[in-house]
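Report on the structure given below.
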Amino acid sequence: MYQRVPVDQMPVESPIKLAHIVLRSVNVPAMREWYLTALNGKEIVNGGEGNACGLTYDDEHHRVLIIGMPPQDVERQQALGDLFAQINERRKAPGLEHVAFTFNGIGVLLGNYRRLKKQGIEPVFCVNHGPVLSMYYLDPDGNNVEMQTDTMPMDMATEFMFSDVFLNNSIGVPYDPEELCEMYDSGVPLKEIASYGFI
């Protein structure tokens, strides 16, 4: 029978890819056109009215997201809680919103979480976005860094981003990383750990 490596004994692994970047802009339409042209991309999300857009250029569900500022949806920003409260205090100008690094599986992501926690580096927000499980950190300069792992094949993830589920909740479901570590170490199936509605 296959035995999982406990989270605290997981070998240290680097990310397997740079997943995406998210930019803040006061001119979303121009940014949209520039990135679509420069990267020969295709649009996957359009928030309308200059609020946001997203694009990709390969089989990844998104590579560049551009969000308008000031925030157009104050209620949604407030719903995101402490993470965006902290970030918004530091970000008054256009620029990088966050950069995302993908790890090779749930166990590796959780092992990295525990390794960093032991060194005093903890996420400020953890959320199951559906296609990915994510942990958001702030670096010493206040930049937002997402550590994530894919939970769906890329074609399914892309389909999910056009679903009513995503349109009704484009943020996702917050989770407790310690709870996920316990689930992982106790042998709960990965599909259940990654389930969008386990909370």
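In the structure tokens, each chain is lettered A, B, ... as it comes, each chain's residues begin at 1, and ligands are numbered from 1 in order of appearance.
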Give me the residues near Leu167 (chain A) as a short mmCIF file (atom, residue, chain, number, x, y, z; two decimals) with C-alpha atoms, in the first residue's frame, where near means some atom within 12 Å (using only C-alpha atoms) and where sequence neighbours in that chain fewer than 4 positions away do not count.
data_model
loop_
_atom_site.label_atom_id
_atom_site.label_comp_id
_atom_site.auth_asym_id
_atom_site.auth_seq_id
_atom_site.Cartn_x
_atom_site.Cartn_y
_atom_site.Cartn_z
CA VAL A 45 -11.67 36.99 -18.77
CA ASN A 46 -13.12 40.44 -19.40
CA GLY A 47 -14.57 42.24 -16.39
CA HIS A 129 -9.74 28.97 -6.08
CA GLY A 130 -11.12 25.79 -7.61
CA GLU A 159 -13.68 25.35 -18.45
CA PHE A 160 -14.17 26.08 -14.73
CA MET A 161 -13.18 29.72 -15.26
CA PHE A 162 -16.11 30.12 -17.66
CA SER A 163 -18.58 28.35 -15.36
CA ILE A 171 -12.27 34.49 -5.37
CA GLY A 172 -12.86 31.02 -3.96
#
Residue neighbourhood Val145 (chain A), 8 Å, only C-alpha atoms, exclusion window fewer than 5 positions, as a compact mmCIF listing (two decimals) with N, CA and C atoms, in the first residue's frame:
# COMPACT_ATOMS: atom_id res chain seq x y z
N HIS A 98 0.30 40.65 -7.84
CA HIS A 98 0.98 39.47 -7.29
C HIS A 98 1.59 38.63 -8.40
N VAL A 99 2.51 37.80 -7.99
CA VAL A 99 3.14 36.83 -8.88
C VAL A 99 2.90 35.47 -8.25
N ALA A 100 2.67 34.44 -9.10
CA ALA A 100 2.30 33.13 -8.58
C ALA A 100 3.30 32.06 -9.02
N PHE A 101 3.66 31.20 -8.07
CA PHE A 101 4.56 30.08 -8.33
C PHE A 101 3.80 28.78 -8.07
N TYR A 136 -1.18 32.88 -0.01
CA TYR A 136 -0.65 34.20 -0.35
C TYR A 136 0.25 34.70 0.79
N TYR A 137 1.44 35.13 0.41
CA TYR A 137 2.43 35.65 1.35
C TYR A 137 2.75 37.09 0.98
N LEU A 138 3.26 37.85 1.95
CA LEU A 138 3.79 39.18 1.67
C LEU A 138 5.30 39.14 1.86
N ASP A 139 6.05 39.58 0.86
CA ASP A 139 7.50 39.63 1.01
C ASP A 139 7.88 40.85 1.85
Using only C-alpha atoms, the shortest atom-to-atom distance to Asn104 (chain A) among A:Asn27, A:Asn144, A:Thr149, A:Thr37 belongs to A:Thr149
Within 12 Å of Leu65 (chain A), counting only C-alpha atoms, which residues show up once you throw out same-chain ones fewer than 5 positions away? Write them as JSON, numbers by chain, please.
{"A": [19, 20, 21, 22, 23, 24, 25, 28, 31, 32, 35, 36, 41, 42, 43, 44, 45, 46, 47, 51, 52, 53, 54, 55, 56, 95, 96, 97, 98, 99, 100]}
From CA of Pro29 (chain A) to CA of Asp150 (chain A) the spacing works out at 29.2 Å
Worksheet item: Could you state the separation of CA of Thr158 (chain A) and CA of His61 (chain A) in Å, given to one decimal place?
Response: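 Taking CA of Thr158 (chain A) and CA of His61 (chain A), their separation equals 4.9 Å.
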For Asp185 (chain A), the closest of A:Met147, A:Val132, A:Leu110, A:Ile67 counting only C-alpha atoms is A:Leu110
Can you tell me, as number ranges by chain, which residues in region 19-189 of chain A count as strand (DSSP E) by DSSP?
A: 19-25, 42-46, 52-56, 64-68, 95-102, 125-128, 132-138, 144-150, 173-174
Self-check item: Neighbour list for Asp176 (chain A) as a PyMOL selection string, cut-off 12 Å, only C-alpha atoms, skip fewer than 6 positions in-chain
Solution: chain A and resi 110+113+122-128+133-135+182-183+193+198-199
Would you put the residues from that selection into a file with C-alpha atoms, as a PDB file, in the first residue's frame?
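New file selection.pdb:
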ATOM      1  CA  LEU A 110       1.847  21.779   2.281  1.00  0.00           C
ATOM      2  CA  TYR A 113       4.051  25.796   3.966  1.00  0.00           C
ATOM      3  CA  GLU A 122       3.381  32.414   7.179  1.00  0.00           C
ATOM      4  CA  PRO A 123       0.677  33.023   4.582  1.00  0.00           C
ATOM      5  CA  VAL A 124      -1.672  35.941   5.148  1.00  0.00           C
ATOM      6  CA  PHE A 125      -4.494  34.310   3.199  1.00  0.00           C
ATOM      7  CA  CYS A 126      -5.215  30.769   1.994  1.00  0.00           C
ATOM      8  CA  VAL A 127      -7.924  30.074  -0.556  1.00  0.00           C
ATOM      9  CA  ASN A 128      -9.147  27.239  -2.732  1.00  0.00           C
ATOM     10  CA  LEU A 133      -5.073  25.668  -3.972  1.00  0.00           C
ATOM     11  CA  SER A 134      -3.308  28.906  -3.068  1.00  0.00           C
ATOM     12  CA  MET A 135      -1.397  30.469  -0.200  1.00  0.00           C
ATOM     13  CA  GLU A 182      -3.920  17.085   9.100  1.00  0.00           C
ATOM     14  CA  MET A 183      -6.147  15.794   6.304  1.00  0.00           C
ATOM     15  CA  ILE A 193      -8.596  17.775   0.128  1.00  0.00           C
ATOM     16  CA  PHE A 198     -14.987  20.894   1.645  1.00  0.00           C
ATOM     17  CA  ILE A 199     -15.488  23.726   4.185  1.00  0.00           C
TER      18      ILE A 199
END
Helix (DSSP H, G or I) call set, DSSP backbone run, region 4-146 of chain A, as a count of residues only: 42
